[in-house]
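Structure file protein-v1.cif; described as mmCIF, C-alpha atoms and all ligand atoms.
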data_input
#
loop_
_atom_site.label_atom_id
_atom_site.label_comp_id
_atom_site.auth_asym_id
_atom_site.auth_seq_id
_atom_site.Cartn_x
_atom_site.Cartn_y
_atom_site.Cartn_z
CA MET A 1085 28.14 -3.90 -52.77
CA LYS A 1086 24.42 -3.76 -52.19
CA ILE A 1087 24.63 -6.50 -49.57
CA HIS A 1088 27.38 -4.59 -47.83
CA THR A 1089 25.31 -1.44 -47.67
CA LYS A 1090 22.36 -3.37 -46.23
CA LEU A 1091 24.59 -4.99 -43.65
CA LEU A 1092 26.08 -1.66 -42.72
CA TRP A 1093 22.64 -0.19 -42.17
CA SER A 1094 21.57 -3.15 -40.05
CA VAL A 1095 24.66 -2.87 -37.88
CA LEU A 1096 24.15 0.87 -37.58
CA PHE A 1097 20.52 0.30 -36.56
CA LEU A 1098 21.48 -2.25 -33.92
CA LEU A 1099 24.31 -0.16 -32.51
CA VAL A 1100 22.78 3.28 -32.62
CA LEU A 1101 19.03 3.22 -32.94
CA TYR A 1102 18.01 0.07 -31.08
CA PRO A 1103 19.40 1.18 -27.70
CA LEU A 1104 17.42 4.38 -28.10
CA GLN A 1105 14.15 2.54 -28.49
CA ALA A 1106 11.58 3.96 -26.15
CA GLN A 1107 11.19 2.18 -22.85
CA LYS A 1108 10.08 2.86 -19.34
CA ILE A 1109 12.76 4.80 -17.50
CA GLN A 1110 14.13 2.17 -15.15
CA GLY A 1111 14.91 2.33 -11.48
CA LEU A 1112 12.54 5.15 -10.42
CA ALA A 1113 10.50 3.01 -8.01
CA LYS A 1114 12.79 0.37 -6.56
CA THR A 1115 10.54 0.37 -3.50
CA PRO A 1116 6.81 1.30 -3.57
CA PRO A 1117 6.40 5.08 -4.17
CA MET A 1118 5.45 7.14 -1.11
CA GLY A 1119 3.69 10.47 -1.29
CA TRP A 1120 0.43 12.40 -1.11
CA ASN A 1121 -2.35 12.94 -3.64
CA SER A 1122 -5.19 15.47 -3.55
CA TRP A 1123 -8.09 13.30 -4.81
CA ASN A 1124 -9.36 11.31 -1.80
CA LYS A 1125 -9.81 14.39 0.38
CA PHE A 1126 -10.25 17.30 -2.00
CA ALA A 1127 -11.54 15.85 -5.31
CA CYS A 1128 -11.78 18.84 -7.71
CA ASP A 1129 -11.21 21.46 -5.03
CA VAL A 1130 -7.50 21.96 -5.78
CA SER A 1131 -5.45 25.16 -5.88
CA GLU A 1132 -1.80 26.20 -5.77
CA ILE A 1133 -2.23 27.61 -2.26
CA MET A 1134 -3.55 24.33 -0.92
CA ILE A 1135 -0.91 22.24 -2.72
CA ARG A 1136 1.88 24.48 -1.35
CA GLU A 1137 0.47 24.13 2.14
CA GLU A 1138 0.31 20.35 1.79
CA ALA A 1139 3.96 20.36 0.70
CA ASP A 1140 4.82 22.53 3.73
CA ALA A 1141 2.95 20.10 5.97
CA MET A 1142 4.65 17.06 4.46
CA ALA A 1143 8.04 18.61 5.11
CA ALA A 1144 7.21 19.83 8.64
CA SER A 1145 5.03 17.03 10.02
CA GLY A 1146 7.56 14.20 9.95
CA LEU A 1147 6.09 12.57 6.83
CA LYS A 1148 9.01 13.60 4.66
CA GLU A 1149 11.38 12.21 7.26
CA ALA A 1150 9.40 8.96 7.28
CA GLY A 1151 9.98 8.58 3.52
CA TYR A 1152 7.05 10.32 1.80
CA GLN A 1153 8.27 12.38 -1.14
CA TYR A 1154 5.74 12.92 -3.96
CA ILE A 1155 3.16 15.71 -3.83
CA VAL A 1156 0.68 14.85 -6.59
CA ILE A 1157 -2.16 17.07 -7.88
CA ASP A 1158 -4.93 14.85 -9.15
CA ASP A 1159 -7.74 15.83 -11.54
CA CYS A 1160 -9.08 19.37 -12.15
CA TRP A 1161 -5.89 21.45 -12.33
CA GLN A 1162 -6.43 21.82 -16.12
CA VAL A 1163 -9.21 23.72 -17.90
CA THR A 1164 -8.60 23.79 -21.64
CA ARG A 1165 -6.04 23.63 -24.45
CA ASP A 1166 -4.74 26.75 -26.19
CA SER A 1167 -4.84 27.34 -29.97
CA LEU A 1168 -1.62 25.31 -30.36
CA GLY A 1169 -2.96 22.43 -28.32
CA PHE A 1170 -0.95 23.10 -25.16
CA ILE A 1171 -2.67 22.20 -21.91
CA VAL A 1172 -3.78 25.22 -19.85
CA PRO A 1173 -3.91 25.12 -16.03
CA ASP A 1174 -6.87 26.77 -14.29
CA PRO A 1175 -5.78 30.47 -14.16
CA GLN A 1176 -7.91 31.21 -11.10
CA ARG A 1177 -6.73 28.31 -9.01
CA PHE A 1178 -3.14 28.12 -10.31
CA PRO A 1179 -2.34 31.77 -11.15
CA SER A 1180 1.44 31.26 -10.79
CA GLY A 1181 1.42 28.30 -13.17
CA ILE A 1182 2.50 24.72 -12.69
CA LYS A 1183 6.25 25.33 -13.12
CA ALA A 1184 6.28 27.72 -10.15
CA LEU A 1185 4.38 25.17 -8.07
CA ALA A 1186 6.78 22.36 -9.03
CA ASP A 1187 9.71 24.64 -8.12
CA TYR A 1188 8.12 25.32 -4.74
CA VAL A 1189 7.61 21.62 -4.04
CA HIS A 1190 11.22 20.94 -5.08
CA SER A 1191 12.43 23.72 -2.78
CA LYS A 1192 10.99 21.70 0.11
CA GLY A 1193 13.16 18.73 -0.88
CA LEU A 1194 10.09 16.93 -2.26
CA LYS A 1195 9.05 15.71 -5.71
CA PHE A 1196 6.14 16.90 -7.80
CA GLY A 1197 3.44 14.85 -9.52
CA ILE A 1198 0.54 15.57 -11.82
CA TYR A 1199 -2.50 13.79 -13.28
CA SER A 1200 -3.88 13.22 -16.75
CA CYS A 1201 -5.85 10.58 -18.57
CA ALA A 1202 -5.44 8.39 -21.66
CA GLY A 1203 -8.88 9.26 -23.05
CA ASP A 1204 -10.43 12.34 -24.66
CA LYS A 1205 -11.37 13.83 -21.30
CA THR A 1206 -10.37 13.10 -17.70
CA CYS A 1207 -12.83 11.46 -15.31
CA ALA A 1208 -13.88 14.93 -14.14
CA GLY A 1209 -14.40 16.03 -17.78
CA ARG A 1210 -11.21 18.08 -18.17
CA PRO A 1211 -8.99 17.97 -21.29
CA ALA A 1212 -6.96 14.74 -21.33
CA GLY A 1213 -3.97 13.28 -23.14
CA ARG A 1214 -5.32 11.44 -26.19
CA GLY A 1215 -3.55 12.74 -29.31
CA HIS A 1216 -1.42 15.15 -27.24
CA GLU A 1217 0.85 12.62 -25.54
CA TYR A 1218 4.19 13.91 -26.82
CA GLN A 1219 3.20 17.55 -26.44
CA ASP A 1220 2.04 16.99 -22.85
CA ALA A 1221 5.08 14.89 -21.91
CA LEU A 1222 7.39 17.68 -23.10
CA MET A 1223 5.41 20.21 -21.09
CA TYR A 1224 5.54 18.04 -17.96
CA ALA A 1225 9.32 17.69 -18.39
CA LYS A 1226 9.65 21.44 -18.82
CA TRP A 1227 7.61 22.08 -15.69
CA GLY A 1228 9.75 19.67 -13.65
CA VAL A 1229 7.15 16.95 -13.13
CA ASP A 1230 8.52 13.81 -11.40
CA TYR A 1231 5.41 11.59 -11.32
CA LEU A 1232 2.47 11.15 -13.68
CA LYS A 1233 -0.78 9.44 -12.74
CA TYR A 1234 -2.55 8.50 -15.97
CA ASP A 1235 -6.26 7.63 -15.77
CA TRP A 1236 -8.57 5.58 -18.01
CA CYS A 1237 -11.84 7.56 -18.45
CA ASN A 1238 -13.43 8.32 -21.82
CA THR A 1239 -11.22 5.85 -23.65
CA GLY A 1240 -13.97 4.21 -25.78
CA LYS A 1241 -12.49 1.29 -27.67
CA MET A 1242 -8.86 2.24 -27.08
CA ASN A 1243 -6.47 -0.60 -26.34
CA ALA A 1244 -5.08 -0.08 -22.84
CA GLU A 1245 -1.63 -1.54 -23.35
CA GLU A 1246 -1.15 0.46 -26.54
CA ALA A 1247 -2.49 3.69 -25.07
CA TYR A 1248 -0.29 3.48 -21.97
CA SER A 1249 2.71 2.47 -24.10
CA THR A 1250 2.24 5.60 -26.22
CA MET A 1251 2.46 7.75 -23.11
CA ARG A 1252 5.45 5.75 -21.86
CA ASP A 1253 7.21 6.43 -25.18
CA ALA A 1254 6.31 10.10 -24.97
CA LEU A 1255 7.76 10.35 -21.46
CA PHE A 1256 10.90 8.58 -22.65
CA ALA A 1257 11.23 11.01 -25.56
CA ALA A 1258 10.77 13.97 -23.21
CA GLY A 1259 13.87 12.74 -21.40
CA ARG A 1260 12.98 13.49 -17.78
CA PRO A 1261 12.80 10.67 -15.21
CA ILE A 1262 9.06 10.58 -14.43
CA VAL A 1263 7.43 7.79 -12.42
CA PHE A 1264 4.55 6.49 -14.54
CA SER A 1265 1.48 5.42 -12.56
CA LEU A 1266 -1.10 3.51 -14.63
CA CYS A 1267 -4.59 4.18 -13.30
CA GLU A 1268 -6.53 1.69 -15.40
CA TRP A 1269 -8.45 0.11 -12.48
CA GLY A 1270 -7.47 -3.45 -13.42
CA ASN A 1271 -10.01 -3.67 -16.27
CA ASN A 1272 -7.47 -4.93 -18.81
CA LYS A 1273 -5.27 -6.88 -16.39
CA PRO A 1274 -2.40 -4.37 -16.32
CA TRP A 1275 -0.41 -6.75 -14.09
CA LEU A 1276 0.16 -8.85 -17.24
CA TRP A 1277 1.74 -6.05 -19.29
CA GLY A 1278 2.30 -3.11 -16.94
CA ALA A 1279 5.88 -3.90 -15.86
CA ALA A 1280 7.24 -2.90 -19.26
CA VAL A 1281 5.10 0.22 -19.39
CA GLY A 1282 4.94 1.85 -15.96
CA HIS A 1283 6.18 1.67 -12.39
CA LEU A 1284 2.83 0.89 -10.75
CA TRP A 1285 -0.67 -0.02 -11.88
CA ARG A 1286 -4.03 0.23 -10.17
CA THR A 1287 -5.54 -3.19 -9.58
CA THR A 1288 -9.09 -2.07 -8.77
CA GLY A 1289 -11.66 0.68 -9.06
CA ASP A 1290 -11.59 3.55 -6.58
CA ILE A 1291 -11.22 3.17 -2.86
CA TYR A 1292 -13.95 4.52 -0.58
CA ASN A 1293 -13.51 5.76 2.94
CA CYS A 1294 -15.06 2.79 4.65
CA PHE A 1295 -13.56 -0.39 6.12
CA ASP A 1296 -16.10 -2.94 4.95
CA CYS A 1297 -18.60 -1.65 2.38
CA LYS A 1298 -19.26 -0.94 -1.25
CA LYS A 1299 -20.65 2.33 -2.55
CA ASN A 1300 -22.93 2.31 -5.55
CA ASN A 1301 -22.04 5.26 -7.81
CA GLY A 1302 -24.53 4.38 -10.54
CA ASN A 1303 -22.44 2.73 -13.23
CA TRP A 1304 -19.56 1.73 -10.93
CA PHE A 1305 -18.88 0.73 -7.36
CA ALA A 1306 -16.30 2.24 -5.03
CA ASN A 1307 -14.75 -0.27 -2.65
CA GLY A 1308 -13.99 -0.30 1.04
CA VAL A 1309 -10.65 -1.46 2.47
CA LEU A 1310 -11.58 -5.14 2.88
CA GLN A 1311 -13.21 -5.28 -0.56
CA ILE A 1312 -10.02 -3.95 -2.16
CA LEU A 1313 -7.86 -6.29 -0.07
CA ASP A 1314 -9.82 -9.31 -1.34
CA MET A 1315 -9.37 -8.20 -4.95
CA GLN A 1316 -5.57 -8.52 -4.63
CA ASN A 1317 -5.86 -12.30 -4.58
CA GLY A 1318 -3.48 -13.94 -7.05
CA LEU A 1319 -1.67 -10.74 -8.00
CA ARG A 1320 1.44 -10.88 -5.82
CA LYS A 1321 3.56 -12.72 -8.35
CA PHE A 1322 3.29 -9.78 -10.76
CA ALA A 1323 4.77 -7.17 -8.40
CA GLY A 1324 8.37 -6.36 -7.53
CA PRO A 1325 10.94 -3.57 -7.57
CA ASP A 1326 10.00 -0.92 -10.16
CA HIS A 1327 6.61 -2.56 -10.96
CA TRP A 1328 4.04 -2.55 -8.19
CA ASN A 1329 0.41 -3.56 -7.75
CA ASP A 1330 -1.47 -0.42 -6.65
CA PRO A 1331 -4.61 -1.11 -4.58
CA ASP A 1332 -5.34 2.67 -4.62
CA MET A 1333 -4.42 5.55 -2.35
CA LEU A 1334 -4.75 5.64 1.41
CA GLU A 1335 -7.86 6.79 3.27
CA VAL A 1336 -5.98 7.05 6.58
CA GLY A 1337 -7.09 10.21 8.40
CA ASN A 1338 -10.22 10.68 6.30
CA GLY A 1339 -12.77 9.60 8.88
CA MET A 1340 -12.42 5.93 9.75
CA PRO A 1341 -11.63 5.23 13.42
CA ALA A 1342 -7.95 4.75 14.32
CA ASN A 1343 -8.22 0.94 14.55
CA GLU A 1344 -9.56 0.73 10.98
CA ASP A 1345 -6.98 3.20 9.70
CA ARG A 1346 -4.26 1.15 11.38
CA ALA A 1347 -5.54 -2.09 9.84
CA HIS A 1348 -5.83 -0.41 6.40
CA PHE A 1349 -2.29 0.99 6.59
CA THR A 1350 -0.83 -2.30 7.84
CA MET A 1351 -2.39 -4.29 5.02
CA TRP A 1352 -1.13 -1.81 2.42
CA CYS A 1353 2.35 -2.26 3.94
CA ILE A 1354 2.09 -6.07 3.75
CA LEU A 1355 0.91 -5.77 0.13
CA ALA A 1356 4.00 -3.70 -0.78
CA ALA A 1357 1.48 -1.14 -2.04
CA PRO A 1358 2.41 2.42 -2.96
CA LEU A 1359 1.82 4.54 0.17
CA ILE A 1360 0.07 7.62 -1.18
CA ALA A 1361 -1.58 9.51 1.68
CA GLY A 1362 -4.96 10.99 0.78
CA ASN A 1363 -5.79 13.06 3.87
CA ASP A 1364 -5.31 16.73 4.71
CA LEU A 1365 -1.73 16.80 6.01
CA ARG A 1366 -2.32 20.31 7.42
CA ASN A 1367 -4.79 18.98 9.98
CA MET A 1368 -3.78 15.58 11.20
CA SER A 1369 -4.75 14.06 14.52
CA PRO A 1370 -1.86 12.58 16.53
CA GLU A 1371 -3.29 9.09 15.78
CA THR A 1372 -3.31 9.69 12.03
CA LYS A 1373 0.24 11.00 12.11
CA ALA A 1374 1.41 8.07 14.24
CA ILE A 1375 -0.12 5.60 11.77
CA LEU A 1376 1.25 7.26 8.64
CA THR A 1377 4.75 7.59 10.10
CA ASN A 1378 5.16 4.25 11.89
CA LYS A 1379 8.76 3.43 11.02
CA GLU A 1380 8.48 -0.35 11.35
CA ALA A 1381 5.32 -0.55 9.23
CA ILE A 1382 6.98 1.60 6.57
CA ALA A 1383 10.11 -0.59 6.72
CA ILE A 1384 7.91 -3.62 5.98
CA ASN A 1385 6.44 -1.78 2.99
CA GLN A 1386 9.75 -0.41 1.75
CA ASP A 1387 11.75 -3.59 2.26
CA THR A 1388 14.36 -3.79 -0.48
CA LEU A 1389 13.47 -7.35 -1.51
CA GLY A 1390 10.17 -5.94 -2.78
CA ILE A 1391 8.20 -9.14 -2.19
CA GLN A 1392 4.47 -8.64 -1.79
CA GLY A 1393 3.05 -10.45 1.25
CA PHE A 1394 0.66 -13.40 1.20
CA LYS A 1395 -2.27 -14.70 3.20
CA PHE A 1396 -1.01 -17.66 5.21
CA VAL A 1397 -4.26 -18.72 6.82
CA SER A 1398 -7.80 -17.46 7.26
CA LYS A 1399 -10.18 -18.66 9.95
CA ASP A 1400 -13.20 -17.21 11.70
CA SER A 1401 -12.71 -13.77 10.08
CA VAL A 1402 -9.08 -13.67 11.22
CA GLU A 1403 -6.40 -13.62 8.54
CA THR A 1404 -2.70 -14.18 9.12
CA TRP A 1405 -0.50 -12.53 6.51
CA MET A 1406 3.24 -12.97 6.03
CA LYS A 1407 5.84 -11.01 4.11
CA PRO A 1408 9.46 -12.12 3.63
CA LEU A 1409 11.87 -9.30 4.44
CA CYS A 1410 15.56 -8.75 3.84
CA GLY A 1411 18.17 -10.13 6.26
CA GLY A 1412 16.11 -13.26 6.93
CA LYS A 1413 13.35 -11.26 8.69
CA TRP A 1414 9.60 -11.80 8.31
CA ALA A 1415 6.54 -9.66 8.94
CA VAL A 1416 3.57 -11.54 10.40
CA CYS A 1417 0.37 -9.52 10.64
CA VAL A 1418 -2.96 -10.77 11.89
CA LEU A 1419 -6.08 -8.97 10.68
CA ASN A 1420 -9.36 -9.19 12.54
CA ARG A 1421 -12.03 -8.54 9.89
CA SER A 1422 -14.92 -9.15 12.26
CA LYS A 1423 -16.99 -6.70 14.26
CA SER A 1424 -16.02 -8.24 17.59
CA TYR A 1425 -12.71 -8.97 19.27
CA ARG A 1426 -10.84 -12.20 18.58
CA SER A 1427 -8.39 -14.11 20.79
CA VAL A 1428 -5.51 -15.49 18.78
CA ASP A 1429 -2.87 -18.03 19.63
CA LEU A 1430 0.11 -18.00 17.29
CA ASP A 1431 1.75 -21.35 17.80
CA TRP A 1432 4.82 -20.93 15.68
CA LYS A 1433 5.61 -24.61 15.36
CA PHE A 1434 2.44 -25.05 13.33
CA MET A 1435 3.19 -22.11 11.08
CA SER A 1436 5.89 -23.54 8.84
CA VAL A 1437 5.67 -22.45 5.24
CA THR A 1438 7.84 -22.30 2.14
CA ASP A 1439 6.94 -19.37 -0.08
CA SER A 1440 7.43 -20.62 -3.62
CA LEU A 1441 7.59 -17.08 -5.04
CA SER A 1442 10.51 -15.93 -2.88
CA GLN A 1443 11.91 -19.41 -2.17
CA ARG A 1444 11.96 -18.46 1.50
CA GLU A 1445 11.23 -20.96 4.23
CA PHE A 1446 9.70 -20.06 7.56
CA ASN A 1447 10.29 -22.85 10.04
CA THR A 1448 10.79 -22.10 13.71
CA SER A 1449 12.08 -25.58 14.45
CA LYS A 1450 15.09 -24.70 12.30
CA GLU A 1451 15.44 -21.08 13.33
CA ILE A 1452 14.36 -19.06 16.35
CA PHE A 1453 13.12 -15.51 15.78
CA LYS A 1454 12.84 -12.60 18.20
CA ILE A 1455 9.57 -10.69 18.09
CA LYS A 1456 8.71 -7.00 17.92
CA ASP A 1457 5.12 -5.75 18.04
CA ILE A 1458 5.25 -2.81 15.67
CA TRP A 1459 2.16 -0.93 16.87
CA GLN A 1460 2.96 -1.37 20.56
CA ASN A 1461 6.60 -0.60 19.69
CA LYS A 1462 7.59 -3.40 22.06
CA GLU A 1463 10.19 -6.09 21.70
CA GLY A 1464 9.84 -9.27 23.68
CA GLY A 1465 9.77 -13.02 23.54
CA ASP A 1466 10.68 -15.34 20.73
CA THR A 1467 9.18 -18.05 18.59
CA ARG A 1468 9.91 -20.85 21.05
CA LYS A 1469 6.66 -20.05 22.86
CA PRO A 1470 3.19 -19.49 21.32
CA LEU A 1471 2.04 -15.88 21.32
CA LYS A 1472 -1.42 -15.20 22.67
CA ALA A 1473 -3.17 -11.91 21.96
CA VAL A 1474 -6.57 -10.28 21.81
CA ILE A 1475 -7.21 -8.28 18.66
CA PRO A 1476 -10.04 -5.74 18.83
CA ALA A 1477 -12.63 -5.57 16.03
CA HIS A 1478 -11.33 -4.25 12.69
CA ASP A 1479 -7.79 -4.07 14.00
CA VAL A 1480 -4.44 -5.79 13.55
CA LEU A 1481 -1.59 -7.35 15.42
CA CYS A 1482 1.57 -6.81 13.42
CA LEU A 1483 4.91 -8.39 14.28
CA LYS A 1484 8.40 -8.16 12.94
CA LEU A 1485 10.31 -11.43 13.36
CA TYR A 1486 14.05 -11.13 13.29
CA ARG A 1487 16.98 -13.44 13.82
CA LYS A 1488 18.25 -14.17 17.28
CA GLU A 1489 21.90 -13.07 17.32
C1 LIG A 1501 -10.62 8.13 -11.31
C2 LIG A 1501 -9.40 7.64 -10.54
C3 LIG A 1501 -9.31 8.38 -9.23
C4 LIG A 1501 -9.21 9.89 -9.49
C5 LIG A 1501 -10.39 10.35 -10.32
C6 LIG A 1501 -10.22 11.79 -10.83
O1 LIG A 1501 -11.81 7.79 -10.65
O2 LIG A 1501 -9.45 6.25 -10.34
O3 LIG A 1501 -8.20 7.95 -8.46
O4 LIG A 1501 -8.00 10.16 -10.13
O5 LIG A 1501 -10.56 9.53 -11.49
O6 LIG A 1501 -11.27 12.24 -11.61
#
Please re-express this file's structure in structure tokens.
Amino acid sequence: MKIHTKLLWSVLFLLVLYPLQAQKIQGLAKTPPMGWNSWNKFACDVSEIMIREEADAMAASGLKEAGYQYIVIDDCWQVTRDSLGFIVPDPQRFPSGIKALADYVHSKGLKFGIYSCAGDKTCAGRPAGRGHEYQDALMYAKWGVDYLKYDWCNTGKMNAEEAYSTMRDALFAAGRPIVFSLCEWGNNKPWLWGAAVGHLWRTTGDIYNCFDCKKNNGNWFANGVLQILDMQNGLRKFAGPDHWNDPDMLEVGNGMPANEDRAHFTMWCILAAPLIAGNDLRNMSPETKAILTNKEAIAINQDTLGIQGFKFVSKDSVETWMKPLCGGKWAVCVLNRSKSYRSVDLDWKFMSVTDSLSQREFNTSKEIFKIKDIWQNKEGGDTRKPLKAVIPAHDVLCLKLYRKE
């Protein structure tokens, strides 16, 4: 009798409780998330007026049409906790409350994201999530939050995988589909455990609005575009649909010249990186807008296979990157890292490669591809003839190769 009761309980557990075990909510980021975040441009200077205007601009400027959907407030929206431990938004800067702001963003056909941190305080010293995970997750769900960026400041000896898993479980318990963005800077190799916990994980410390430099911030360095690009080495095998490497948000439109912005954006597309704009969408130059909304570049990033690109060859400060795309297509992008122009000669017959990760072969003696230059928006030629081009300093040539019908 006793054995029967035990068995019954075990069966009940397996049938009823096990499927309810907390897990990441699947399928929220089948392609890299696209959106906007306040931090790179505004840091702590956030308010509901500004966030509403950014949502308006995303909807009106063509960014929404190009695929951007998340409007994310980063640090500094929160000031304290009330006597029951509930998080309190800054009453001066967010007088209507976060729910009203989320509703507004939703009314524009966009999604709403927010920021917190696994430690005792956020990086800007605001109240953070530690010990309040379930309470905060319920509040976010009630407000209509669709995306949570979760930082790693003031975490002392906390274990990163455990801390992020606690928040994942809290989000699961809250029951709302919320994209979970792990902002742990790569310190504890989140690519090894992040896929079961969140939808994307930062691979490095913060980006800095510079193409090729490092900025000393005292006890940490911020990294320029090339520095971050180099830190992605070896990580591509960990990324894929619903679990992306995140080399940090975009600096396009924040002061680099158009060629550097274009190269930065192109490389983030090749890396299948989340495309989170970090500029002021209310005041974009035509160049910035053209870069952020380039359909072909975005299609490379959002390709449904979700295979991160790889460096095929590097010579004389020129790197050739390739990304397998759906329908037998390939992206081939050539980055000039140097401070002077470079003449390149892409002789396709010497560019055969089999990508062991995707099991895709690129071999132009077996298959001829047509070529489209995605920044010139020009189709022409095919892989039977070498392609010669001059690439200006800190710029790219980016090609889509597609099958000849
Ligand atoms: C960290 C993160 C940044 C930003 C700030 C906010 O530095 O890496 O992206 O969220 O905190 O304080």
### Query
Counting all atoms listed in the file, what is within 12 Å of A:Asn1447, bar same-chain residues fewer than 3 positions away, as number ranges by chain?
A: 1412, 1414, 1431-1439, 1444, 1450-1453, 1467-1468, 1485
#### Entry: Surroundings of ligand LIG 1501 (chain A) up to 10 Å, based on all atoms listed in the file, as a VMD selection string
chain A and resid 1121 to 1124 1127 to 1128 1157 to 1160 1199 to 1201 1205 to 1210 1233 to 1237 1266 to 1269 1286 1288 to 1291 1304 1306 1332 to 1333
Quick one: which stretch 1305-1399 of chain A residues come within 10 Å of stretch 1275-1280 of chain A, and what is the nearest atom pair for each with the distance in Å to one decimal, counting only C-alpha atoms, rows ordered by chain and ascending number, as JSON lines?
{"residue": "A:Leu1319", "atom": "CA", "partner": "A:Trp1275", "partner_atom": "CA", "distance": 7.4}
{"residue": "A:Arg1320", "atom": "CA", "partner": "A:Trp1275", "partner_atom": "CA", "distance": 9.4}
{"residue": "A:Lys1321", "atom": "CA", "partner": "A:Trp1275", "partner_atom": "CA", "distance": 9.2}
{"residue": "A:Phe1322", "atom": "CA", "partner": "A:Trp1275", "partner_atom": "CA", "distance": 5.8}
{"residue": "A:Ala1323", "atom": "CA", "partner": "A:Trp1275", "partner_atom": "CA", "distance": 7.7}
{"residue": "A:Gly1324", "atom": "CA", "partner": "A:Ala1279", "partner_atom": "CA", "distance": 9.0}
{"residue": "A:Pro1325", "atom": "CA", "partner": "A:Ala1279", "partner_atom": "CA", "distance": 9.7}
{"residue": "A:Asp1326", "atom": "CA", "partner": "A:Ala1279", "partner_atom": "CA", "distance": 7.6}
{"residue": "A:His1327", "atom": "CA", "partner": "A:Ala1279", "partner_atom": "CA", "distance": 5.1}
{"residue": "A:Trp1328", "atom": "CA", "partner": "A:Ala1279", "partner_atom": "CA", "distance": 8.0}
{"residue": "A:Asn1329", "atom": "CA", "partner": "A:Trp1275", "partner_atom": "CA", "distance": 7.1}
{"residue": "A:Asp1330", "atom": "CA", "partner": "A:Trp1275", "partner_atom": "CA", "distance": 9.8}
Enumerate, in order of chain and increasing residue number, the residues of stretch 1272-1389 of chain A with an atom no farther than 7 Å from stretch 1470-1478 of chain A, each with its shortest atom pair and distance in Å to one decimal, counting only C-alpha atoms, as a tab-separated table.
residue	atom	partner	partner_atom	distance
A:Asn1343	CA	A:His1478	CA	6.3
A:Glu1344	CA	A:His1478	CA	5.6
A:Ala1347	CA	A:His1478	CA	6.8
### Task
Could you tell me which of A:Asn1378, A:Asn1385, A:Ser1422, A:Gln1460 comes closest to A:Leu1359 if we count all atoms listed in the file?
A:Asn1385
### Query
Hey, what's within 10 Å of A:Leu1483 if we count all atoms listed in the file and toss same-chain stuff fewer than 6 positions away? As a list in words, please?
Glu1380, Ala1381, Met1406, Trp1414, Ala1415, Val1416, Cys1417, Val1418, Lys1454, Ile1455, Lys1456, Asp1457, Ile1458, Trp1459, Gln1460, Asn1461, Lys1462 and Glu1463 of chain A
## Note on the structure
The residue from A:Ile1135, A:Lys1192, A:Leu1313, A:Thr1287 with the smallest atom-to-atom distance to A:Pro1274, counting all atoms listed in the file, is A:Thr1287
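Residues in contact range of A:Pro1173, defined as at most 10 Å between only C-alpha atoms, with sequence neighbours fewer than 2 positions away removed, read A:Cys1160, A:Trp1161, A:Gln1162, A:Val1163, A:Thr1164, A:Arg1165, A:Phe1170, A:Ile1171, A:Pro1175, A:Gln1176, A:Arg1177, A:Phe1178, A:Pro1179, A:Ser1180, A:Gly1181, A:Ile1182.
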### Counting only C-alpha atoms, the residue of A:Ala1113, A:Trp1405, A:Lys1273, A:Ser1265 that sits nearest A:Trp1285
A:Ser1265
### Task
Rank nothing, just name the residue among A:Tyr1218, A:Trp1227, A:Tyr1152, A:Phe1295 nearest to A:Ala1258, using all atoms listed in the file.
A:Tyr1218
Taking all atoms of stretch 1151-1169 of chain A that the file lists, what box with edges along x, y and z, padded by 3 Å per side, do you get, with centre and edge lengths in Å to one decimal, as JSON?
{"center_x": 0.4, "center_y": 18.0, "center_z": -13.4, "size_x": 25.2, "size_y": 24.8, "size_z": 39.9}
